[in-house]
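Peer 1: entry-v1.cif (mmCIF, C-alpha atoms) pasted underneath:
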data_start
#
loop_
_atom_site.label_atom_id
_atom_site.label_comp_id
_atom_site.auth_asym_id
_atom_site.auth_seq_id
_atom_site.Cartn_x
_atom_site.Cartn_y
_atom_site.Cartn_z
CA MET A 246 -22.21 123.02 34.45
CA ARG A 247 -19.10 120.98 35.17
CA LEU A 248 -17.84 122.07 38.57
CA LYS A 249 -14.52 121.27 40.23
CA ILE A 250 -14.60 121.37 44.02
CA THR A 251 -11.79 121.40 46.57
CA HIS A 252 -12.69 121.49 50.26
CA GLU A 253 -10.22 121.30 53.15
CA THR A 254 -11.07 121.37 56.84
CA GLY A 255 -8.04 121.69 59.11
CA TYR A 256 -8.12 121.02 62.84
CA ARG A 257 -5.25 122.13 65.07
CA TYR A 258 -4.79 121.41 68.78
CA ASP A 259 -2.62 123.29 71.25
CA HIS A 260 -1.91 119.93 72.94
CA PRO A 261 -1.85 116.64 71.03
CA VAL A 262 -5.08 114.67 71.31
CA ARG A 263 -5.22 110.91 71.86
CA GLY A 264 -7.42 110.42 68.80
CA LEU A 265 -10.49 111.50 66.87
CA VAL A 266 -13.70 109.91 65.66
CA GLN A 267 -15.50 111.69 62.80
CA SER A 268 -18.74 111.28 60.89
CA LEU A 269 -18.53 112.81 57.41
CA ARG A 270 -21.47 113.93 55.27
CA LEU A 271 -19.22 115.05 52.42
CA THR A 272 -20.45 113.03 49.44
CA PRO A 273 -22.81 114.86 47.05
CA SER A 274 -26.44 113.75 46.96
CA ILE A 275 -27.79 111.54 44.20
CA HIS A 276 -30.58 113.35 42.35
CA ALA A 277 -31.63 114.58 38.91
CA GLY A 278 -29.85 117.91 39.26
CA GLN A 279 -26.32 116.60 39.70
CA ARG A 280 -24.06 113.72 38.75
CA VAL A 281 -20.72 113.00 40.40
CA THR A 282 -17.98 112.13 37.92
CA ASP A 283 -15.09 112.03 40.41
CA TRP A 284 -15.02 112.32 44.19
CA ARG A 285 -12.29 111.61 46.75
CA ILE A 286 -12.25 112.04 50.53
CA ALA A 287 -9.05 111.74 52.55
CA VAL A 288 -8.33 112.27 56.24
CA ALA A 289 -4.65 112.76 57.04
CA GLY A 290 -3.51 109.88 59.21
CA GLY A 291 -7.06 108.54 59.28
CA GLN A 292 -8.66 105.17 58.70
CA ARG A 293 -11.95 104.91 56.82
CA GLY A 294 -14.67 103.00 58.64
CA ALA A 295 -18.19 101.95 57.76
CA GLY A 296 -20.44 103.98 55.49
CA PHE A 297 -24.19 103.98 55.04
CA ARG A 298 -27.03 105.90 53.41
CA ASP A 299 -29.41 107.29 56.01
CA GLY A 300 -33.18 107.72 55.81
CA ALA A 301 -32.79 111.21 54.34
CA GLY A 302 -30.76 109.82 51.42
CA ASP A 303 -27.39 111.17 52.60
CA TRP A 304 -24.18 109.11 52.43
CA ILE A 305 -22.39 109.14 55.79
CA GLU A 306 -19.03 107.54 56.50
CA ALA A 307 -16.93 107.16 59.64
CA TRP A 308 -13.23 107.95 60.01
CA THR A 309 -10.90 107.49 62.96
CA VAL A 310 -7.51 109.03 63.67
CA ARG A 311 -5.15 107.52 66.19
CA GLY A 312 -3.07 109.96 68.16
CA PRO A 313 -1.12 111.57 69.38
CA ALA A 314 -2.11 114.21 66.83
CA ASP A 315 -1.83 117.98 66.94
CA GLU A 316 -3.18 118.54 63.41
CA VAL A 317 -5.75 116.73 61.25
CA THR A 318 -6.88 117.67 57.73
CA VAL A 319 -10.05 116.44 56.02
CA ALA A 320 -9.62 116.93 52.27
CA VAL A 321 -12.24 116.59 49.53
CA ALA A 322 -11.64 116.91 45.80
CA GLY A 323 -13.98 116.08 42.96
CA GLU A 324 -16.03 116.98 39.93
CA VAL A 325 -19.79 117.24 39.58
CA GLU A 326 -22.01 117.82 36.54
CA THR A 327 -25.05 119.90 37.39
CA ARG A 328 -28.23 121.01 35.68
CA ASP A 329 -31.00 123.44 36.60
CA THR A 330 -34.18 121.79 37.93
CA ALA A 331 -35.72 125.09 39.16
CA GLY A 332 -34.99 124.08 42.74
CA VAL A 333 -37.09 120.91 42.64
CA LEU A 334 -35.34 117.91 44.20
CA ARG A 335 -36.15 115.15 41.72
CA GLY A 336 -34.87 111.57 41.79
CA HIS A 337 -33.62 111.77 45.38
CA ARG A 338 -34.41 108.53 47.23
CA GLU A 339 -35.24 108.82 50.91
CA THR A 340 -37.35 106.75 53.25
CA ILE A 341 -38.41 109.03 56.09
CA SER A 342 -41.64 111.04 56.06
CA PRO A 343 -41.42 114.77 55.36
CA LEU A 344 -43.52 115.27 58.49
CA VAL A 345 -40.47 114.66 60.69
CA TYR A 346 -39.23 118.06 59.50
CA LEU A 347 -42.02 119.86 61.31
CA ARG A 348 -40.12 119.36 64.56
CA PRO A 349 -38.42 122.54 65.83
CA THR A 350 -34.86 122.63 67.14
CA ALA A 351 -33.02 125.11 69.32
CA LEU A 352 -31.65 126.85 66.21
CA THR A 353 -34.99 126.98 64.37
CA ALA A 354 -37.49 127.50 67.20
CA GLY A 355 -40.03 130.22 66.53
CA ASP A 356 -40.70 133.24 68.70
CA ALA A 357 -43.31 135.99 68.46
CA ALA A 358 -41.38 137.91 65.79
CA LEU A 359 -40.87 134.82 63.61
CA ARG A 360 -44.53 133.87 63.98
CA ASP A 361 -45.56 137.39 62.96
CA LEU A 362 -43.25 137.23 59.94
CA ALA A 363 -44.62 133.85 58.90
CA HIS A 364 -48.28 134.75 59.27
CA ALA A 365 -47.95 138.10 57.51
CA GLU A 366 -47.66 136.23 54.20
CA GLY A 367 -50.46 134.71 52.17
CA GLY A 368 -50.29 132.45 49.16
CA GLU A 369 -52.40 130.85 46.48
CA ASP A 370 -50.94 127.43 47.35
CA ALA A 371 -48.05 125.89 49.30
CA LEU A 372 -45.48 126.66 46.60
CA ASP A 373 -46.53 130.30 46.35
CA LEU A 374 -46.47 130.60 50.13
CA ALA A 375 -42.96 129.13 50.27
CA HIS A 376 -41.72 131.69 47.72
CA ARG A 377 -43.31 134.50 49.70
CA LEU A 378 -41.79 133.30 52.98
CA SER A 379 -38.35 133.15 51.38
CA ALA A 380 -38.71 136.71 50.09
CA ALA A 381 -39.93 137.90 53.50
CA VAL A 382 -36.88 136.41 55.23
CA ALA A 383 -34.58 138.03 52.66
CA ARG A 384 -36.13 141.42 53.42
CA ALA A 385 -35.97 140.93 57.17
CA ILE A 386 -32.35 139.74 57.43
CA ALA A 387 -29.67 141.63 55.53
CA TYR A 388 -26.62 139.65 54.43
CA GLU A 389 -23.77 140.72 56.70
CA PRO A 390 -20.85 138.38 57.51
CA GLY A 391 -19.30 138.41 60.96
CA VAL A 392 -22.28 139.48 63.07
CA THR A 393 -23.59 135.99 63.86
CA GLY A 394 -21.99 132.69 64.84
CA ALA A 395 -22.50 128.97 64.47
CA GLN A 396 -24.95 128.84 67.39
CA THR A 397 -26.99 131.93 66.49
CA SER A 398 -30.64 130.95 66.37
CA ALA A 399 -33.23 132.02 63.80
CA ALA A 400 -34.90 134.23 66.41
CA GLN A 401 -31.61 135.94 67.30
CA ALA A 402 -30.73 136.56 63.64
CA LEU A 403 -34.14 138.07 62.97
CA ALA A 404 -33.80 140.33 66.01
CA LEU A 405 -30.40 141.49 64.73
CA GLY A 406 -31.75 141.95 61.21
CA GLN A 407 -28.41 140.68 59.88
CA GLY A 408 -26.72 137.37 59.20
CA VAL A 409 -25.37 134.94 56.64
CA CYS A 410 -26.77 132.04 54.63
CA GLN A 411 -27.05 129.82 57.72
CA ASP A 412 -29.24 132.43 59.42
CA HIS A 413 -31.44 132.91 56.36
CA ALA A 414 -31.94 129.16 56.12
CA HIS A 415 -32.79 128.81 59.82
CA ALA A 416 -35.26 131.70 59.72
CA LEU A 417 -36.96 130.35 56.60
CA ILE A 418 -37.22 126.89 58.14
CA ALA A 419 -38.79 128.38 61.28
CA CYS A 420 -41.32 130.36 59.24
CA ALA A 421 -42.24 127.41 57.03
CA ARG A 422 -42.78 125.13 59.99
CA GLU A 423 -44.91 127.82 61.60
CA ARG A 424 -47.16 127.55 58.52
CA ASP A 425 -47.20 123.72 58.76
CA LEU A 426 -44.82 123.25 55.83
CA PRO A 427 -42.06 120.68 56.49
CA ALA A 428 -38.68 122.37 56.04
CA ARG A 429 -35.05 121.35 56.40
CA TYR A 430 -31.51 122.72 56.23
CA VAL A 431 -29.26 121.85 53.28
CA SER A 432 -25.47 122.08 53.19
CA GLY A 433 -23.50 122.25 49.96
CA TYR A 434 -21.51 124.42 47.61
CA LEU A 435 -22.24 127.43 45.41
CA HIS A 436 -20.26 128.46 42.35
CA SER A 437 -19.71 132.19 42.01
CA ASN A 438 -18.35 133.26 38.63
CA ILE A 439 -18.42 137.03 39.05
CA ASP A 440 -14.79 137.43 37.97
CA GLY A 441 -14.09 133.96 36.61
CA GLN A 442 -11.95 133.00 39.62
CA PRO A 443 -12.59 130.31 42.26
CA HIS A 444 -14.17 131.63 45.45
CA ASP A 445 -14.76 130.50 49.02
CA ALA A 446 -18.05 128.76 48.35
CA ALA A 447 -19.38 126.64 51.21
CA HIS A 448 -23.09 127.42 51.25
CA ALA A 449 -26.42 126.55 52.85
CA TRP A 450 -30.08 126.93 51.97
CA ALA A 451 -33.48 125.52 52.93
CA GLU A 452 -35.79 122.97 51.34
CA ILE A 453 -39.54 123.17 51.84
CA HIS A 454 -41.94 120.31 51.12
CA VAL A 455 -44.84 121.60 49.02
CA GLY A 456 -47.22 118.69 48.57
CA ALA A 457 -47.20 116.70 45.33
CA LEU A 458 -44.19 118.63 43.98
CA GLY A 459 -42.11 117.42 46.93
CA TRP A 460 -38.99 119.14 48.18
CA VAL A 461 -38.08 122.51 46.66
CA GLY A 462 -34.95 124.47 47.52
CA PHE A 463 -35.02 128.15 48.51
CA ASP A 464 -31.88 130.25 48.96
CA ALA A 465 -33.19 133.32 50.76
CA ALA A 466 -29.65 134.73 51.07
CA ASN A 467 -29.45 135.07 47.28
CA GLY A 468 -33.16 135.47 46.52
CA CYS A 469 -33.42 132.41 44.27
CA CYS A 470 -34.02 128.69 44.07
CA PRO A 471 -30.93 126.48 43.65
CA ASP A 472 -29.90 126.03 40.01
CA ASP A 473 -26.90 124.54 38.22
CA ARG A 474 -24.47 126.65 40.27
CA TYR A 475 -25.34 124.62 43.38
CA VAL A 476 -24.03 121.27 44.59
CA ARG A 477 -26.08 119.56 47.29
CA LEU A 478 -24.27 117.56 49.99
CA GLY A 479 -26.89 116.68 52.59
CA SER A 480 -29.69 117.83 54.83
CA GLY A 481 -30.87 117.92 58.42
CA HIS A 482 -33.19 119.66 60.84
CA ASP A 483 -30.70 122.54 61.21
CA ALA A 484 -27.04 123.41 60.62
CA ASP A 485 -25.81 121.19 63.43
CA ASP A 486 -27.77 118.21 62.14
CA ALA A 487 -26.62 118.73 58.53
CA ALA A 488 -22.98 119.54 59.30
CA PRO A 489 -20.57 118.07 56.69
CA VAL A 490 -18.12 117.12 59.45
CA ARG A 491 -19.09 116.04 62.96
CA GLY A 492 -16.82 114.40 65.47
CA THR A 493 -15.14 114.09 68.83
CA ALA A 494 -11.50 114.55 69.81
CA PHE A 495 -10.16 112.74 72.87
CA GLY A 496 -7.80 114.79 74.97
CA PRO A 497 -7.34 118.19 76.63
CA GLY A 498 -6.16 120.02 73.52
CA ARG A 499 -8.00 123.19 72.55
CA GLU A 500 -9.21 123.02 68.95
CA SER A 501 -8.97 125.65 66.24
CA LEU A 502 -10.52 125.30 62.81
CA VAL A 503 -9.64 126.51 59.31
CA VAL A 504 -11.93 125.78 56.34
CA ARG A 505 -11.06 126.41 52.69
CA VAL A 506 -13.55 125.76 49.89
CA GLN A 507 -13.23 126.54 46.19
CA VAL A 508 -15.67 125.84 43.39
CA GLU A 509 -14.70 126.55 39.79
CA GLU A 510 -16.34 125.87 36.45
CA MET A 511 -14.58 123.53 34.07
CA GLY A 512 -14.72 123.67 30.28
CA GLN A 513 -17.41 121.57 28.64
CA GLU A 514 -16.32 118.38 26.94
CA GLN A 515 -16.74 118.34 23.18
#
What would the structure in this file look like if it were written as structure tokens?

Peer 2:
Amino acid sequence: MRLKITHETGYRYDHPVRGLVQSLRLTPSIHAGQRVTDWRIAVAGGQRGAGFRDGAGDWIEAWTVRGPADEVTVAVAGEVETRDTAGVLRGHRETISPLVYLRPTALTAGDAALRDLAHAEGGEDALDLAHRLSAAVARAIAYEPGVTGAQTSAAQALALGQGVCQDHAHALIACARERDLPARYVSGYLHSNIDGQPHDAAHAWAEIHVGALGWVGFDAANGCCPDDRYVRLGSGHDADDAAPVRGTAFGPGRESLVVRVQVEEMGQEQ
């Protein structure tokens, strides 16, 4: 697929802030399943700082905004060519060991219910087990927007039996780690072409390391592995760690946030 992506994150403050410092993980990953043909990041009133590729293979760049500012917009626009690799993350260069992703976090810590869910599943091998864990999480947590928040943990979402893609990813990560499979959170975009129109399409899923095959993506919220509808941005131990935008504002202003994301398919070149 050829996908066109527009992503705007708007910050508003009830009192002007003295400035902002942001760390952006908003550049698509380099791997066999996607190729960036055009990509632009702009921060209104901002100055681009240093950029680097971290040990997980993600491109991170710093931006600063000098105040006073009562509104800041982070805008992304670009095009990506994607192809289906059956969820397998091929050609992605990273230097850290998958074993670091066995470490739990506050959002992915297991409890008795998550441990029971994880150990109720068997599997012929690690890949089969990962598929079964993803299906188990999908059955245990119904997709229901608005019932969970950014700081809802995997254990809380499972207790509610409802949540969104972030909750499915956190619960699957917790279950995989419980079975000694390294697992991590992935942020990105998903193209939905149900009616041929662009849709709000920020998305998240999990990747599980399954031995010689390496990292494989699992989207428990949609009951599938990522295919050519998905664009991968970056990864982390949980949603906080993998957030596309992280930063600090200096000043007493109370912050409100508006995010708009659209992904649409472009016609194929002849």

Peer 1: Pick out the residues sitting within 7 Å of region 377-379 of chain A, and hand them over as an NGL selection string; count all atoms listed in the file, and ignore anything fewer than 6 positions along from it in its own chain.

Peer 2: :A and (363 or 366 or 417 or 420 or 463 or 465)

Peer 1: So that I can check the surroundings of Leu478 (chain A), please list as a list in words every protein, DNA and RNA residue that reaches within 9 Å of it, counting all atoms listed in the file and ignoring chain neighbours fewer than 4 positions away.

Peer 2: Arg270, Leu271, Thr272, Pro273, Ser274, Asp303, Trp304, Val431, Ser432, Gly433, Tyr434, Ala487 and Pro489 of chain A

Peer 1: Would you mind exporting the chosen residues as a PDB file, in the frame of the given file, restricted to C-alpha atoms?

Peer 2:
ATOM      1  CA  ARG A 270     -21.470 113.930  55.270  1.00  0.00           C
ATOM      2  CA  LEU A 271     -19.220 115.050  52.420  1.00  0.00           C
ATOM      3  CA  THR A 272     -20.450 113.030  49.440  1.00  0.00           C
ATOM      4  CA  PRO A 273     -22.810 114.860  47.050  1.00  0.00           C
ATOM      5  CA  SER A 274     -26.440 113.750  46.960  1.00  0.00           C
ATOM      6  CA  ASP A 303     -27.390 111.170  52.600  1.00  0.00           C
ATOM      7  CA  TRP A 304     -24.180 109.110  52.430  1.00  0.00           C
ATOM      8  CA  VAL A 431     -29.260 121.850  53.280  1.00  0.00           C
ATOM      9  CA  SER A 432     -25.470 122.080  53.190  1.00  0.00           C
ATOM     10  CA  GLY A 433     -23.500 122.250  49.960  1.00  0.00           C
ATOM     11  CA  TYR A 434     -21.510 124.420  47.610  1.00  0.00           C
ATOM     12  CA  ALA A 487     -26.620 118.730  58.530  1.00  0.00           C
ATOM     13  CA  PRO A 489     -20.570 118.070  56.690  1.00  0.00           C
TER      14      PRO A 489
END

Peer 1: Decode the PyMOL selection byres ((chain A and resi 436) around 7) for the given file into explicit residues and return them as a PyMOL selection string.

Peer 2: chain A and resi 434-435+437-438+446+474-475+508-509

Peer 1: Selection in question (the file shown): the PyMOL selection byres ((chain A and resi 386-393) around 6). Which residues does it include, as a list in words?

Peer 2: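 That selection, the PyMOL selection byres ((chain A and resi 386-393) around 6), comes back as Ala383, Arg384, Ala385, Gly394, Thr397, Gly406, Gln407, Gly408 and Val409 of chain A.
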
Peer 1: Could you expand the PyMOL selection byres ((chain A and resi 496) around 6) into the explicit residues it covers here, written as a list in words?

Peer 2: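 That selection, the PyMOL selection byres ((chain A and resi 496) around 6), comes back as Val262, Arg263, Phe495, Pro497 and Gly498 of chain A.
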
Peer 1: Write out as a Markdown table a residue-level contact list of region 284-311 of chain A versus region 330-343 of chain A with cut-off 9 Å: for each qualifying residue the closest pair of atoms and the distance in Å to one decimal, counting only C-alpha atoms, rows sorted by chain and residue number upward.

Peer 2:
| residue | atom | partner | partner_atom | distance |
| --- | --- | --- | --- | --- |
| A:Asp299 | CA | A:Glu339 | CA | 7.9 |
| A:Gly300 | CA | A:Thr340 | CA | 5.0 |
| A:Ala301 | CA | A:Glu339 | CA | 4.8 |
| A:Gly302 | CA | A:Glu339 | CA | 4.6 |
| A:Asp303 | CA | A:Glu339 | CA | 8.4 |

Peer 1: List as a list in words the protein and nucleic acid residues near region 356-360 of chain A, meaning an atom at most 8 Å away when all atoms listed in the file are counted, but skip any in the same chain fewer than 5 places from it.

Peer 2: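 Final neighbour list, sorted by chain and number: Ala400, Leu403, Ala404, Ala416, Ala419, Cys420 and Glu423 of chain A.
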
Peer 1: For those residues, write C-alpha atoms to a file as a PDB file, in the coordinates of the input.

Peer 2:
ATOM      1  CA  ALA A 400     -34.900 134.230  66.410  1.00  0.00           C
ATOM      2  CA  LEU A 403     -34.140 138.070  62.970  1.00  0.00           C
ATOM      3  CA  ALA A 404     -33.800 140.330  66.010  1.00  0.00           C
ATOM      4  CA  ALA A 416     -35.260 131.700  59.720  1.00  0.00           C
ATOM      5  CA  ALA A 419     -38.790 128.380  61.280  1.00  0.00           C
ATOM      6  CA  CYS A 420     -41.320 130.360  59.240  1.00  0.00           C
ATOM      7  CA  GLU A 423     -44.910 127.820  61.600  1.00  0.00           C
TER       8      GLU A 423
END

Peer 1: I want to know what sits within 12 Å of Leu372 (chain A), based on only C-alpha atoms, with residues of the same chain fewer than 5 positions away left out; could you give that as an MDAnalysis selection string?

Peer 2: chainID A and resid 332:333 367 377:379 421 426 452:463 470

Peer 1: Is it possible to get the residues within 8 Å of (-15.0, 122.0, 45.0) (coordinates as in the file, counting only C-alpha atoms) written as a list in words?

Peer 2: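 Every residue inside that radius is included here: Leu248, Lys249, Ile250, Thr251, His252, Val321, Ala322, Gly323, Glu324, Tyr434, Val506, Gln507, Val508 and Glu509 of chain A.
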
Peer 1: Using all atoms listed in the file, which residue out of A:Leu347, A:Ile286, A:Leu362, A:Ile275 lies closest to Gly481 (chain A)?

Peer 2: A:Leu347

Peer 1: Work out how far apart CA of Leu502 (chain A) and CA of Glu253 (chain A) are and give it in Å to one decimal.

Peer 2: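 Interatomic distance, CA of Leu502 (chain A) to CA of Glu253 (chain A): 10.5 Å.
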
Peer 1: Mind pulling up the distance from CA of Ala320 (chain A) to CA of Ala484 (chain A)?

Peer 2: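 Going from CA of Ala484 (chain A) over to CA of Ala320 (chain A), I get 20.4 Å.
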
Peer 1: Suppose you want the space between CA of Asp315 (chain A) and CA of Gln396 (chain A); what is it in Å?

Peer 2: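 It comes out at 25.5 Å.
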
Peer 1: So, with all atoms listed in the file as the atoms that count, which of A:His448, A:Arg424, A:Arg247, A:His413 lies closest to Val325 (chain A)?

Peer 2: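 Nearest to Val325 (chain A): A:Arg247.
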
Peer 1: Closest to Arg311 (chain A) among A:Ala354, A:Val266, A:Val503, A:Ile418, using all atoms listed in the file?

Peer 2: A:Val266

Peer 1: Calculate, to one decimal in Å, the centre and edge lengths of the box along x, y and z of the file that holds all listed atoms of region 472-477 of chain A with 5 Å of margin on each side, and present them as lines of an AutoDock Vina configuration file.

Peer 2:
center_x = -27.0
center_y = 123.1
center_z = 42.8
size_x = 15.9
size_y = 17.1
size_z = 19.1

Peer 1: Write out as an MDAnalysis selection string each polymer residue whose atoms come within 10 Å of Asp483 (chain A), counting all atoms listed in the file; drop sequence neighbours fewer than 2 positions from it.

Peer 2: chainID A and resid 346 349:353 398 411 414:415 418:419 428:432 451 480:481 485:488
